[in-house]
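Peer 1: The following file, data_0.txt, comprises compact mmCIF, C-alpha atoms:
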```txt
# COMPACT_ATOMS: atom_id res chain seq x y z
CA MET A 1 0.00 0.00 0.00
CA GLU A 2 1.26 3.50 -0.85
CA ARG A 3 2.03 5.68 2.16
CA TYR A 4 3.39 9.23 2.29
CA THR A 5 5.84 10.73 4.78
CA ALA A 6 7.25 14.18 5.40
CA ALA A 7 10.11 13.34 3.05
CA ASP A 8 7.61 13.25 0.16
CA TRP A 9 6.70 16.91 0.55
CA LEU A 10 8.15 17.94 -2.82
CA HIS A 11 6.28 15.19 -4.66
CA ASN A 12 3.05 16.17 -2.91
CA ILE A 13 3.49 19.81 -3.94
CA ARG A 14 4.25 18.92 -7.57
CA THR A 15 1.15 16.72 -7.85
CA ILE A 16 -1.32 19.36 -6.62
CA PRO A 17 -2.62 20.04 -10.17
CA GLN A 18 -3.43 16.31 -10.55
CA SER A 19 -5.21 16.14 -7.19
CA SER A 20 -8.64 14.52 -7.44
CA ILE A 21 -9.84 16.64 -4.52
CA LEU A 22 -8.80 19.82 -6.31
CA LYS A 23 -10.70 18.76 -9.40
CA GLN A 24 -13.84 18.29 -7.32
CA ILE A 25 -13.62 21.68 -5.61
CA ALA A 26 -12.25 23.69 -8.54
CA GLY A 27 -15.59 25.48 -9.06
CA PRO A 28 -16.07 27.01 -5.59
CA VAL A 29 -12.35 27.73 -5.25
CA LEU A 30 -12.38 29.76 -8.49
CA TRP A 31 -15.49 31.66 -7.45
CA CYS A 32 -14.01 32.60 -4.09
CA THR A 33 -10.73 33.63 -5.74
CA LEU A 34 -12.51 35.82 -8.29
CA THR A 35 -14.56 37.41 -5.54
CA GLY A 36 -11.40 38.27 -3.68
CA VAL A 37 -9.82 39.75 -6.83
CA VAL A 38 -12.88 41.87 -7.63
CA VAL A 39 -13.22 43.16 -4.07
CA SER A 40 -9.50 44.00 -3.84
CA PHE A 41 -9.56 45.92 -7.16
CA LEU A 42 -12.67 47.87 -6.20
CA HIS A 43 -11.14 48.75 -2.86
CA ARG A 44 -7.84 49.79 -4.44
CA PHE A 45 -9.01 51.82 -7.41
CA SER A 46 -12.31 53.27 -6.13
CA PRO A 47 -12.67 56.65 -4.41
CA ALA A 48 -12.04 56.58 -0.69
CA ARG A 49 -15.71 56.95 0.17
CA VAL A 50 -16.66 54.08 -2.11
CA ALA A 51 -13.72 51.93 -1.02
CA GLY A 52 -14.88 52.14 2.58
CA ALA A 53 -18.07 50.33 1.63
CA PHE A 54 -16.01 47.26 0.68
CA THR A 55 -14.44 46.77 4.10
CA ILE A 56 -15.89 45.29 7.29
CA THR A 57 -14.44 44.43 10.67
CA LYS A 58 -12.80 41.03 11.15
CA THR A 59 -14.69 40.35 14.39
CA PRO A 60 -17.56 38.33 12.82
CA HIS A 61 -15.17 36.02 11.03
CA THR A 62 -13.06 35.60 14.15
CA LEU A 63 -16.12 34.66 16.21
CA LEU A 64 -17.57 32.34 13.57
CA GLY A 65 -14.24 30.71 12.67
CA SER A 66 -14.31 28.45 15.74
CA ALA A 67 -17.84 27.28 14.98
CA LEU A 68 -16.90 26.60 11.35
CA GLY A 69 -13.85 24.61 12.46
CA LEU A 70 -15.99 22.47 14.77
CA LEU A 71 -18.42 21.73 11.96
CA LEU A 72 -15.63 20.68 9.59
CA VAL A 73 -13.86 18.56 12.21
CA PHE A 74 -17.07 16.79 13.17
CA ARG A 75 -17.81 16.20 9.47
CA THR A 76 -14.44 14.64 8.76
CA ASN A 77 -14.39 12.61 12.00
CA THR A 78 -17.80 11.16 11.21
CA ALA A 79 -16.72 10.30 7.69
CA TYR A 80 -13.50 8.65 8.89
CA ALA A 81 -15.44 6.61 11.44
CA ARG A 82 -17.59 5.27 8.60
CA PHE A 83 -14.47 4.56 6.54
CA TRP A 84 -12.83 2.63 9.38
CA GLU A 85 -16.02 0.72 10.11
CA GLY A 86 -16.19 -0.35 6.46
CA ARG A 87 -12.60 -1.55 6.59
CA LYS A 88 -13.30 -3.58 9.73
CA ILE A 89 -16.32 -5.17 8.07
CA TRP A 90 -14.22 -6.35 5.14
CA GLU A 91 -11.53 -7.53 7.54
CA THR A 92 -14.22 -9.70 9.14
CA VAL A 93 -15.12 -11.07 5.70
CA LEU A 94 -11.47 -11.87 4.98
CA CYS A 95 -10.79 -13.53 8.34
CA THR A 96 -14.06 -15.47 8.29
CA ALA A 97 -13.31 -16.80 4.81
CA ARG A 98 -9.92 -18.01 6.02
CA ASP A 99 -11.41 -19.63 9.13
CA LEU A 100 -14.12 -21.33 7.12
CA SER A 101 -11.56 -22.63 4.62
CA ARG A 102 -9.41 -24.03 7.43
CA MET A 103 -12.32 -25.75 9.17
CA THR A 104 -13.62 -27.38 6.01
CA LYS A 105 -10.10 -28.53 5.18
CA LEU A 106 -9.72 -30.12 8.59
CA PHE A 107 -12.97 -32.05 8.15
CA GLU A 108 -12.51 -32.74 4.45
CA ALA A 109 -12.84 -36.50 4.98
CA GLU A 110 -16.25 -36.04 6.59
CA ILE A 111 -17.47 -33.24 4.29
CA GLY A 112 -16.15 -34.74 1.07
CA ALA A 113 -13.51 -33.32 -1.26
CA GLU A 114 -15.97 -32.44 -4.01
CA LYS A 115 -18.39 -30.71 -1.64
CA ARG A 116 -15.54 -28.82 -0.01
CA VAL A 117 -14.24 -27.48 -3.32
CA ARG A 118 -17.78 -26.47 -4.22
CA CYS A 119 -18.09 -24.60 -0.92
CA MET A 120 -14.78 -22.84 -1.48
CA CYS A 121 -15.85 -21.74 -4.95
CA LEU A 122 -19.05 -20.29 -3.47
CA LEU A 123 -17.03 -18.60 -0.76
CA ALA A 124 -14.60 -17.15 -3.32
CA ALA A 125 -17.54 -15.59 -5.18
CA PHE A 126 -19.02 -14.05 -2.01
CA PRO A 127 -16.74 -10.95 -1.70
CA TYR A 128 -17.19 -10.06 -5.38
CA LEU A 129 -20.97 -10.27 -5.07
CA LEU A 130 -20.86 -8.26 -1.84
CA ARG A 131 -18.73 -5.58 -3.51
CA GLN A 132 -21.20 -5.48 -6.39
CA ARG A 133 -24.08 -4.97 -3.99
CA VAL A 134 -22.58 -2.20 -1.84
CA GLN A 135 -21.21 -0.12 -4.70
CA PRO A 136 -23.91 2.38 -5.70
CA THR A 137 -23.18 2.14 -9.42
CA TRP A 138 -24.62 -1.35 -9.71
CA LEU A 139 -27.59 -0.51 -7.49
CA PHE A 140 -28.39 2.67 -9.42
CA ASN A 141 -28.22 0.80 -12.74
CA LYS A 142 -30.67 -1.78 -11.45
CA MET A 143 -33.02 0.91 -10.13
CA GLU A 144 -32.82 2.70 -13.48
CA ARG A 145 -33.70 -0.53 -15.33
CA ASP A 146 -36.67 -1.06 -13.03
CA GLU A 147 -37.93 2.48 -13.71
CA ARG A 148 -37.48 2.07 -17.48
CA ARG A 149 -39.30 -1.24 -17.35
CA LYS A 150 -42.25 0.35 -15.54
CA LYS A 151 -42.38 3.05 -18.23
CA ASN A 152 -42.28 0.36 -20.97
CA GLU A 153 -39.03 1.77 -22.33
CA ILE A 154 -37.49 -1.71 -22.18
CA SER A 155 -39.20 -5.07 -22.19
CA VAL A 156 -39.68 -7.25 -19.15
CA GLU A 157 -37.72 -10.06 -20.81
CA TYR A 158 -34.77 -7.77 -21.48
CA ALA A 159 -34.66 -6.47 -17.91
CA ARG A 160 -34.86 -10.01 -16.57
CA ALA A 161 -32.07 -11.12 -18.91
CA VAL A 162 -29.81 -8.34 -17.66
CA ASP A 163 -30.54 -9.18 -14.01
CA GLU A 164 -30.23 -12.95 -14.37
CA ALA A 165 -27.11 -13.16 -16.53
CA ASP A 166 -25.50 -9.92 -15.32
CA ILE A 167 -24.81 -8.92 -18.89
CA GLU A 168 -23.24 -5.76 -20.19
CA VAL A 169 -25.34 -3.63 -22.50
CA VAL A 170 -23.50 -2.66 -25.67
CA GLU A 171 -26.30 -0.70 -27.30
CA ASP A 172 -29.60 0.52 -25.97
CA GLU A 173 -32.40 -1.88 -26.70
CA LYS A 174 -34.76 0.85 -27.84
CA GLU A 175 -32.36 1.95 -30.58
CA ARG A 176 -32.61 -1.31 -32.48
CA GLY A 177 -35.68 -2.44 -34.39
CA ARG A 178 -35.00 -6.18 -34.50
CA ASP A 179 -36.70 -9.01 -32.73
CA GLN A 180 -35.86 -9.93 -29.15
CA SER A 181 -33.61 -12.89 -29.93
CA GLN A 182 -31.46 -10.90 -32.36
CA ARG A 183 -31.16 -8.00 -29.93
CA LYS A 184 -30.23 -10.32 -27.14
CA ASN A 185 -27.45 -11.87 -29.19
CA GLU A 186 -26.07 -8.62 -30.60
CA GLN A 187 -26.56 -6.10 -27.81
CA VAL A 188 -25.13 -7.92 -24.81
CA ILE A 189 -21.99 -9.72 -23.76
CA LYS A 190 -22.42 -12.47 -21.18
CA LYS A 191 -19.96 -12.43 -18.33
CA THR A 192 -20.35 -16.03 -17.21
CA SER A 193 -16.67 -16.66 -17.98
CA LYS A 194 -15.53 -13.87 -15.64
CA ILE A 195 -15.33 -13.39 -11.91
CA PRO A 196 -17.42 -14.08 -9.88
CA TRP A 197 -19.54 -16.25 -12.14
CA ALA A 198 -16.62 -18.44 -13.18
CA THR A 199 -16.24 -19.69 -9.61
CA LEU A 200 -19.87 -20.76 -9.30
CA PRO A 201 -21.16 -24.15 -10.46
CA LYS A 202 -22.79 -23.72 -13.85
CA GLU A 203 -26.15 -24.97 -12.64
CA THR A 204 -26.26 -22.27 -9.94
CA ILE A 205 -25.34 -19.21 -12.03
CA LYS A 206 -28.90 -18.49 -13.11
CA GLN A 207 -30.27 -18.97 -9.60
CA CYS A 208 -27.66 -16.69 -8.06
CA SER A 209 -27.91 -13.97 -10.71
CA SER A 210 -31.70 -13.83 -10.41
CA ALA A 211 -31.62 -13.56 -6.61
CA GLN A 212 -32.57 -10.22 -5.09
CA ASN A 213 -29.62 -10.39 -2.69
CA ARG A 214 -26.80 -12.35 -4.34
CA PRO A 215 -24.29 -12.50 -1.46
CA LEU A 216 -27.08 -13.64 0.84
CA TRP A 217 -27.94 -16.36 -1.68
CA VAL A 218 -24.35 -17.59 -1.46
CA CYS A 219 -24.60 -17.72 2.34
CA ASP A 220 -27.83 -19.70 2.11
CA ARG A 221 -26.29 -22.12 -0.36
CA LEU A 222 -23.19 -22.57 1.82
CA ALA A 223 -25.36 -23.27 4.86
CA GLN A 224 -27.38 -25.83 2.92
CA GLU A 225 -24.23 -27.59 1.72
CA LEU A 226 -22.89 -27.92 5.26
CA VAL A 227 -26.19 -28.93 6.85
CA LEU A 228 -26.37 -31.92 4.51
CA VAL A 229 -23.03 -33.29 5.75
CA PRO A 230 -23.82 -36.57 7.60
CA THR A 231 -23.10 -36.75 11.31
CA ASN A 232 -20.44 -39.16 12.55
CA GLU A 233 -18.00 -39.46 15.42
CA ASN A 234 -15.62 -36.88 13.92
CA PHE A 235 -18.24 -34.43 12.65
CA SER A 236 -20.96 -33.76 15.20
CA SER A 237 -23.44 -30.94 15.75
CA ARG A 238 -20.71 -28.95 17.48
CA GLU A 239 -18.56 -28.78 14.34
CA ARG A 240 -21.60 -28.12 12.16
CA LEU A 241 -22.74 -25.21 14.37
CA ALA A 242 -19.21 -23.77 14.34
CA LEU A 243 -19.22 -23.73 10.53
CA LEU A 244 -22.73 -22.28 10.41
CA GLY A 245 -21.64 -19.58 12.86
CA MET A 246 -18.97 -18.48 10.40
CA ILE A 247 -21.57 -18.27 7.66
CA ASP A 248 -23.71 -16.19 10.01
CA ARG A 249 -20.82 -13.72 10.33
CA LEU A 250 -20.66 -13.42 6.56
CA SER A 251 -24.40 -12.84 6.44
CA ARG A 252 -24.18 -10.13 9.10
CA SER A 253 -21.44 -8.39 7.14
CA ILE A 254 -23.95 -7.86 4.31
CA GLY A 255 -26.27 -5.94 6.61
CA GLU A 256 -23.39 -3.97 8.11
CA CYS A 257 -22.26 -2.85 4.65
CA GLU A 258 -25.82 -1.95 3.70
CA ARG A 259 -26.11 0.14 6.86
CA ILE A 260 -23.18 2.32 5.77
CA VAL A 261 -24.43 2.63 2.19
CA GLN A 262 -28.05 3.35 3.08
CA THR A 263 -27.35 5.75 5.98
CA PRO A 264 -25.53 8.84 4.72
CA VAL A 265 -24.64 11.85 6.83
CA PRO A 266 -27.89 13.80 7.52
CA LEU A 267 -28.68 16.09 4.62
CA ASN A 268 -29.51 19.09 6.81
CA TYR A 269 -26.11 18.92 8.50
CA ALA A 270 -24.25 18.60 5.21
CA ARG A 271 -26.15 21.48 3.61
CA HIS A 272 -25.77 23.80 6.59
CA THR A 273 -22.02 23.14 6.74
CA ILE A 274 -21.44 23.89 3.05
CA ARG A 275 -23.65 27.01 3.18
CA PHE A 276 -21.88 28.28 6.27
CA LEU A 277 -18.47 27.64 4.69
CA THR A 278 -19.43 29.32 1.42
CA MET A 279 -20.80 32.48 3.08
CA TRP A 280 -17.77 32.71 5.36
CA LEU A 281 -15.32 32.48 2.45
CA LEU A 282 -17.25 34.88 0.19
CA THR A 283 -17.20 37.58 2.88
CA VAL A 284 -13.58 37.11 3.94
CA PRO A 285 -12.31 39.51 1.19
CA LEU A 286 -14.33 42.33 2.74
CA ALA A 287 -12.53 41.79 6.04
CA VAL A 288 -8.95 41.49 4.78
CA CYS A 289 -8.76 43.62 1.62
CA GLY A 290 -7.91 46.73 3.65
CA GLU A 291 -4.76 45.08 5.04
CA ILE A 292 -3.44 42.87 2.24
CA GLY A 293 -4.75 44.81 -0.78
CA LEU A 294 -4.34 43.11 -4.16
CA ALA A 295 -3.14 39.88 -2.52
CA THR A 296 -6.70 39.26 -1.32
CA GLY A 297 -7.59 37.05 -4.30
CA PRO A 298 -4.71 34.55 -3.94
CA VAL A 299 -5.06 34.46 -0.14
CA VAL A 300 -8.78 33.74 -0.32
CA GLY A 301 -8.11 31.14 -3.01
CA VAL A 302 -5.71 29.29 -0.70
CA LEU A 303 -8.24 29.51 2.14
CA ALA A 304 -10.98 28.15 -0.11
CA TRP A 305 -8.75 25.31 -1.33
CA ALA A 306 -7.89 24.30 2.25
CA LEU A 307 -11.40 24.49 3.73
CA PHE A 308 -13.34 23.13 0.77
CA GLY A 309 -10.70 20.39 0.51
CA ILE A 310 -11.32 19.31 4.11
CA TYR A 311 -15.05 19.21 3.44
CA GLU A 312 -14.61 17.25 0.21
CA ILE A 313 -12.35 14.69 1.91
CA GLY A 314 -15.20 14.00 4.30
CA VAL A 315 -17.56 13.53 1.36
CA VAL A 316 -15.15 11.12 -0.37
CA ILE A 317 -14.48 8.85 2.60
CA GLU A 318 -18.09 8.98 3.78
CA ASP A 319 -18.88 6.07 1.45
CA PRO A 320 -15.79 3.84 1.80
CA PHE A 321 -17.01 1.25 -0.70
CA GLN A 322 -17.12 3.66 -3.61
CA ARG A 323 -13.71 5.30 -3.98
CA THR A 324 -11.48 4.88 -0.91
CA LEU A 325 -11.29 1.19 0.03
CA LYS A 326 -9.63 -0.99 -2.58
CA LEU A 327 -12.19 -3.78 -2.44
CA SER A 328 -10.85 -5.46 -5.57
CA VAL A 329 -7.57 -6.16 -3.76
CA ILE A 330 -9.40 -7.79 -0.84
CA CYS A 331 -11.62 -9.82 -3.18
CA ASP A 332 -8.65 -11.07 -5.20
CA GLN A 333 -6.80 -11.95 -2.02
CA ILE A 334 -9.70 -14.03 -0.71
CA LYS A 335 -10.06 -15.82 -4.04
CA ALA A 336 -6.33 -16.56 -4.23
CA GLU A 337 -6.34 -18.02 -0.73
CA LEU A 338 -9.35 -20.27 -1.32
CA VAL A 339 -9.10 -21.71 -4.83
CA GLU A 340 -6.54 -22.19 -7.57
CA GLU A 341 -7.73 -20.42 -10.71
CA ASP A 342 -4.98 -21.85 -12.92
CA THR A 343 -6.05 -25.44 -12.21
CA GLY A 344 -9.70 -25.02 -13.12
CA TRP A 345 -10.85 -23.63 -9.77
CA ASP A 346 -9.38 -26.60 -7.94
CA ASP A 347 -8.61 -26.69 -4.24
CA ARG A 348 -5.76 -24.47 -3.09
CA GLN A 349 -2.46 -25.70 -1.72
CA SER A 350 -2.23 -25.76 2.06
CA ALA A 351 -0.20 -27.06 4.98
CA PHE A 352 -2.69 -29.87 5.63
CA PHE A 353 -2.19 -33.48 4.67
CA THR A 354 -4.31 -35.22 2.04
CA LEU A 355 -5.26 -38.87 2.60
CA ASN A 356 -4.70 -41.24 -0.29
CA ASN A 357 -6.21 -44.70 -0.07
CA ASP A 358 -4.38 -46.13 -3.03
CA LYS A 359 -3.19 -49.65 -2.08
CA ASP A 360 0.07 -49.46 -4.00
CA GLU A 361 1.08 -46.21 -2.35
CA THR A 362 0.16 -47.66 1.03
CA ASP A 363 2.43 -50.63 0.39
CA ASN A 364 5.23 -48.29 -0.67
CA SER A 365 4.72 -46.31 2.50
CA LYS A 366 5.00 -49.52 4.51
CA ASN A 367 8.24 -50.46 2.79
CA ASP A 368 9.66 -46.97 3.32
CA ASN A 369 8.77 -47.09 6.97
CA ASP A 370 10.43 -50.49 7.37
CA ASN A 371 13.61 -49.12 5.80
CA ASP A 372 13.60 -46.10 8.05
CA SER A 373 12.90 -48.04 11.24
CA GLY A 374 16.61 -48.81 11.64
CA ASN A 375 17.45 -45.14 12.03
CA LYS A 376 16.99 -44.88 15.78
CA GLY A 377 19.44 -42.08 16.31
CA ASN A 378 17.19 -39.42 14.85
CA ASP A 379 14.47 -38.68 17.41
CA ASN A 380 12.94 -35.95 15.22
CA VAL A 381 11.74 -38.45 12.60
CA ALA A 382 8.45 -40.20 13.42
CA PRO A 383 8.11 -43.36 11.26
CA PHE A 384 4.71 -44.02 9.70
CA ASN A 385 2.71 -46.93 11.03
CA SER A 386 1.87 -49.47 8.35
CA ALA A 387 -1.80 -49.29 9.32
CA TYR A 388 -2.08 -45.69 8.10
CA PRO A 389 -2.49 -44.76 4.44
CA LYS A 390 0.21 -42.78 2.70
CA ILE A 391 0.16 -39.09 3.45
CA THR A 392 1.19 -36.57 0.87
CA VAL A 393 1.64 -32.85 1.45
CA ARG A 394 -0.07 -30.59 -1.04
```
Using the file provided, produce a representation of the structure as structure tokens.

Peer 2:
Amino acid sequence: MERYTAADWLHNIRTIPQSSILKQIAGPVLWCTLTGVVVSFLHRFSPARVAGAFTITKTPHTLLGSALGLLLVFRTNTAYARFWEGRKIWETVLCTARDLSRMTKLFEAEIGAEKRVRCMCLLAAFPYLLRQRVQPTWLFNKMERDERRKKNEISVEYARAVDEADIEVVEDEKERGRDQSQRKNEQVIKKTSKIPWATLPKETIKQCSSAQNRPLWVCDRLAQELVLVPTNENFSSRERLALLGMIDRLSRSIGECERIVQTPVPLNYARHTIRFLTMWLLTVPLAVCGEIGLATGPVVGVLAWALFGIYEIGVVIEDPFQRTLKLSVICDQIKAELVEEDTGWDDRQSAFFTLNNDKDETDNSKNDNDNDSGNKGNDNVAPFNSAYPKITVR
């Protein structure tokens, strides 16, 4: 991860023109700067009686500056708290996925290798589907399709096809005058060969894509897979409840992410802060033009850049799932730790042993153990018992 220190001060200064925050606040900063320039010129080149009308005492700004600072600090602190909460939620997803992978690997003999790989593929798809749900772009696109469908701008079949197959629209359906089958073939590109659909069993792609809450569907499917594991002396209700508890944590993370997305900072507070800040900055030139003269414009511009920048930082980190948290990195990390993409979504390599019941390999293991039994001087080597099958490390 990229981190900056005090030694990077020159690089930070040089990259100010490329700052994304500056691009967002360029409009109000320019307006405040122009206001300062106009006020300073009128004060400088107008008659003395007229110039006096463009100056006010600095007392109001001094008194209100503390209140404005409290508003901005509270705004940024609230936004950072939401950012940190979002990061902790995704840390829970990452750690729970690792714990669930370890537990299923430990009880692979009871769960079954095929079922375990199927569970890991579902688990690898979960963070991608969760990211898709909490990022507003996908939600807004779905809401827009629903509105267009109600207005008969697109057909019901087309909207369902987009939702079920998660396809990418190449051209607007209304712009083409062909039949539905031709439009479906020419206007969309199916993403079933891409993440996360590539990790899901083919027979479940349609069910998952048509679900209202896709990450929750994955949790339900994982719970169903583990509930159907037969009970024996090594896998009892205690182990089953432990695995289901991990799935419950994944399910709760969905609601926690939705709470951040669906609960923005109160609109009245945000509007009052930006109005207060704007009025304070627009009247600052009247208070300082008598002292600093023609330098009022640049000074007010720097003030506007600093204060509007603080406010905009709060706006950016308020929704951590949109622009600040690198969710793709976390999703890729979870996938890489659960399944091997290069081997056809096979099980990942781990420190656990894999049992092999092949008779020939068992006999070879017995012979190897007999040969090694004469080495009594090495206490660190534990010879295999001939009754156990051969153990290979993946």

Peer 1: Can you pull out the residues contacting A:Glu291? Cut-off 12 Å, using all atoms listed in the file, and skip same-chain residues under 4 positions away; I want them as number ranges by chain.

Peer 2: A: 40, 43-44, 55-58, 284-287, 295-296, 299

Peer 1: Restricting the output to C-alpha atoms, write the selected residues as a PDB file, keeping the file's coordinate frame.

Peer 2:
```
ATOM      1  CA  SER A  40      -9.500  44.000  -3.840  1.00  0.00           C
ATOM      2  CA  HIS A  43     -11.140  48.750  -2.860  1.00  0.00           C
ATOM      3  CA  ARG A  44      -7.840  49.790  -4.440  1.00  0.00           C
ATOM      4  CA  THR A  55     -14.440  46.770   4.100  1.00  0.00           C
ATOM      5  CA  ILE A  56     -15.890  45.290   7.290  1.00  0.00           C
ATOM      6  CA  THR A  57     -14.440  44.430  10.670  1.00  0.00           C
ATOM      7  CA  LYS A  58     -12.800  41.030  11.150  1.00  0.00           C
ATOM      8  CA  VAL A 284     -13.580  37.110   3.940  1.00  0.00           C
ATOM      9  CA  PRO A 285     -12.310  39.510   1.190  1.00  0.00           C
ATOM     10  CA  LEU A 286     -14.330  42.330   2.740  1.00  0.00           C
ATOM     11  CA  ALA A 287     -12.530  41.790   6.040  1.00  0.00           C
ATOM     12  CA  ALA A 295      -3.140  39.880  -2.520  1.00  0.00           C
ATOM     13  CA  THR A 296      -6.700  39.260  -1.320  1.00  0.00           C
ATOM     14  CA  VAL A 299      -5.060  34.460  -0.140  1.00  0.00           C
TER      15      VAL A 299
END
```

Peer 1: Could you check how far atom CA of A:Leu68 sits from atom CA of A:Tyr80, in Å to one decimal?

Peer 2: 18.4 Å

Peer 1: Please report the interatomic distance between atom CA of A:Ser237 and atom CA of A:Glu256 in Å with one decimal.

Peer 2: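 Taking atom CA of A:Ser237 as the start and atom CA of A:Glu256 as the end point, the length is 28.0 Å.
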
Peer 1: Which distance in Å separates atom CA of A:Ala211 and atom CA of A:Met246, to one decimal?

Peer 2: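 Result for atom CA of A:Ala211 versus atom CA of A:Met246: 21.8 Å, one decimal.
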
Peer 1: So that I can check the surroundings of A:Gln135, please list as a ChimeraX atom specification every protein, DNA and RNA residue that reaches within 9 Å of it, counting all atoms listed in the file and ignoring chain neighbours fewer than 4 positions away.

Peer 2: /A:130-131,139,261,321-322

Peer 1: Just give me the residues with any atom within 8 Å of (-14.0, -36.3, 10.1), file coordinates, counting all atoms listed in the file, written as number ranges by chain.

Peer 2: A: 106-111, 232-235

Peer 1: What lies within 8 Å of A:Cys331 using all atoms listed in the file, ignoring chain neighbours under 3 positions off, as a list in words?

Peer 2: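 Contacts, with the query itself left out: Ala124, Pro127, Tyr128, Leu327, Ser328, Ile334 and Lys335 of chain A.
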
Peer 1: From the set A:Val39, A:Val134, A:Ala7, A:Leu244, which residue has the shortest atom-to-atom contact distance to A:Leu325, counting all atoms listed in the file?

Peer 2: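 Checking each of A:Val39, A:Val134, A:Ala7, A:Leu244 against A:Leu325, counting all atoms listed in the file, the winner is A:Val134.
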
Peer 1: Write out as a PyMOL selection string which residues come within 8 Å of A:Thr199 when counting all atoms listed in the file, dropping same-chain ones fewer than 5 positions away.

Peer 2: chain A and resi 121-122+124-125+345

Peer 1: Name all residues at most 9 Å from stretch 265-272 of chain A (count all atoms listed in the file; drop same-chain ones fewer than 2 positions away) and give them as a PyMOL selection string.

Peer 2: chain A and resi 71+75+78-79+263+274-277+318
